[in-house]
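Worksheet for the structure shown next.
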Amino acid sequence: MPERILLPLLVIFAVTYALRLAPFLLLRRMGSSRAVTYLGRTMPLGVMAVLVVYTLSDVDLTAAPHGLPELVAVAVTAGLHLWRRNALLSIVAGTGVYVGLVALV
């Protein structure tokens with residue numbers, strides 16, 4: 001009876017461990033390739049663009065406040081990032097501005 005429980009748990013553990021370890025092993029072998037360097041340089045900008053488009057896609061510009069909190073929050077986030085080059089500061093401040101404006105408006 002314990003084998004019926006222990007064997008699937010061991011398989012689950014082994015697969016989970018292998019899946020968590022695989023990216024590190026692959027990056028060790030491919031870390032200096034041009035493709036990985038290119039993706040490391042361009043992916044953050046692409047991910048942020050997708051997040052901004054997804055976030056703003058449901059904004060209703062025909063009803064009050066006509067997207068004002070979203071527009072101000074995006075402007076604060078972009079401005080802080082261009083000024084300080086600190087992603088954490090930009091994201092936290094932009095989120096705080098958005099939450100504050102939504103609560104006020």
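Residue numbering restarts at 1 for every chain of the structure tokens, chains are lettered A, B, ... in their displayed order, and ligands are numbered from 1 as they appear.
Neighbouring residues of Val72 of chain A at 10 Å or closer, counting only C-alpha atoms and skipping chain neighbours under 3 positions away, are Gly67, Leu68, Pro69, Ala75, Val76, Thr77, Ala78, Gly94, Val97, Tyr98 and Leu101 of chain A.
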Would you mind exporting the chosen residues as a tab-separated table (two decimals), in the first residue's frame, restricted to N, CA and C atoms?
```tsv
chain	number	residue	atom	x	y	z
A	67	GLY	N	-10.17	57.21	-18.59
A	67	GLY	CA	-8.81	56.67	-18.62
A	67	GLY	C	-7.76	57.56	-18.00
A	68	LEU	N	-8.17	58.57	-17.27
A	68	LEU	CA	-7.22	59.50	-16.67
A	68	LEU	C	-6.29	58.82	-15.65
A	69	PRO	N	-6.80	58.00	-14.73
A	69	PRO	CA	-5.87	57.35	-13.79
A	69	PRO	C	-4.84	56.46	-14.50
A	75	ALA	N	2.26	57.47	-17.34
A	75	ALA	CA	3.20	58.59	-17.49
A	75	ALA	C	4.18	58.65	-16.30
A	76	VAL	N	3.67	58.45	-15.09
A	76	VAL	CA	4.54	58.46	-13.91
A	76	VAL	C	5.53	57.31	-13.97
A	77	THR	N	5.04	56.13	-14.34
A	77	THR	CA	5.92	54.96	-14.43
A	77	THR	C	7.01	55.17	-15.47
A	78	ALA	N	6.63	55.64	-16.65
A	78	ALA	CA	7.61	55.86	-17.72
A	78	ALA	C	8.58	56.98	-17.34
A	94	GLY	N	4.22	53.79	-9.94
A	94	GLY	CA	3.11	53.83	-10.89
A	94	GLY	C	1.88	53.13	-10.36
A	97	VAL	N	0.36	55.38	-7.65
A	97	VAL	CA	-0.36	56.50	-8.25
A	97	VAL	C	-1.69	56.04	-8.81
A	98	TYR	N	-1.70	54.90	-9.50
A	98	TYR	CA	-2.94	54.38	-10.08
A	98	TYR	C	-3.96	54.07	-8.99
A	101	LEU	N	-5.28	57.31	-7.48
A	101	LEU	CA	-6.20	58.03	-8.37
A	101	LEU	C	-7.53	57.33	-8.52
```
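If you measure from each of A:Gly40, A:Ala73, A:Arg84, A:Ser33 to Val52 of chain A using only C-alpha atoms, the closest one turns out to be A:Ala73.
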Practice item. Please report, as a count of residues only, each residue of segment 5-105 of chain A to which DSSP assigns helix (DSSP H, G or I) when run on this structure's backbone. Key: 84
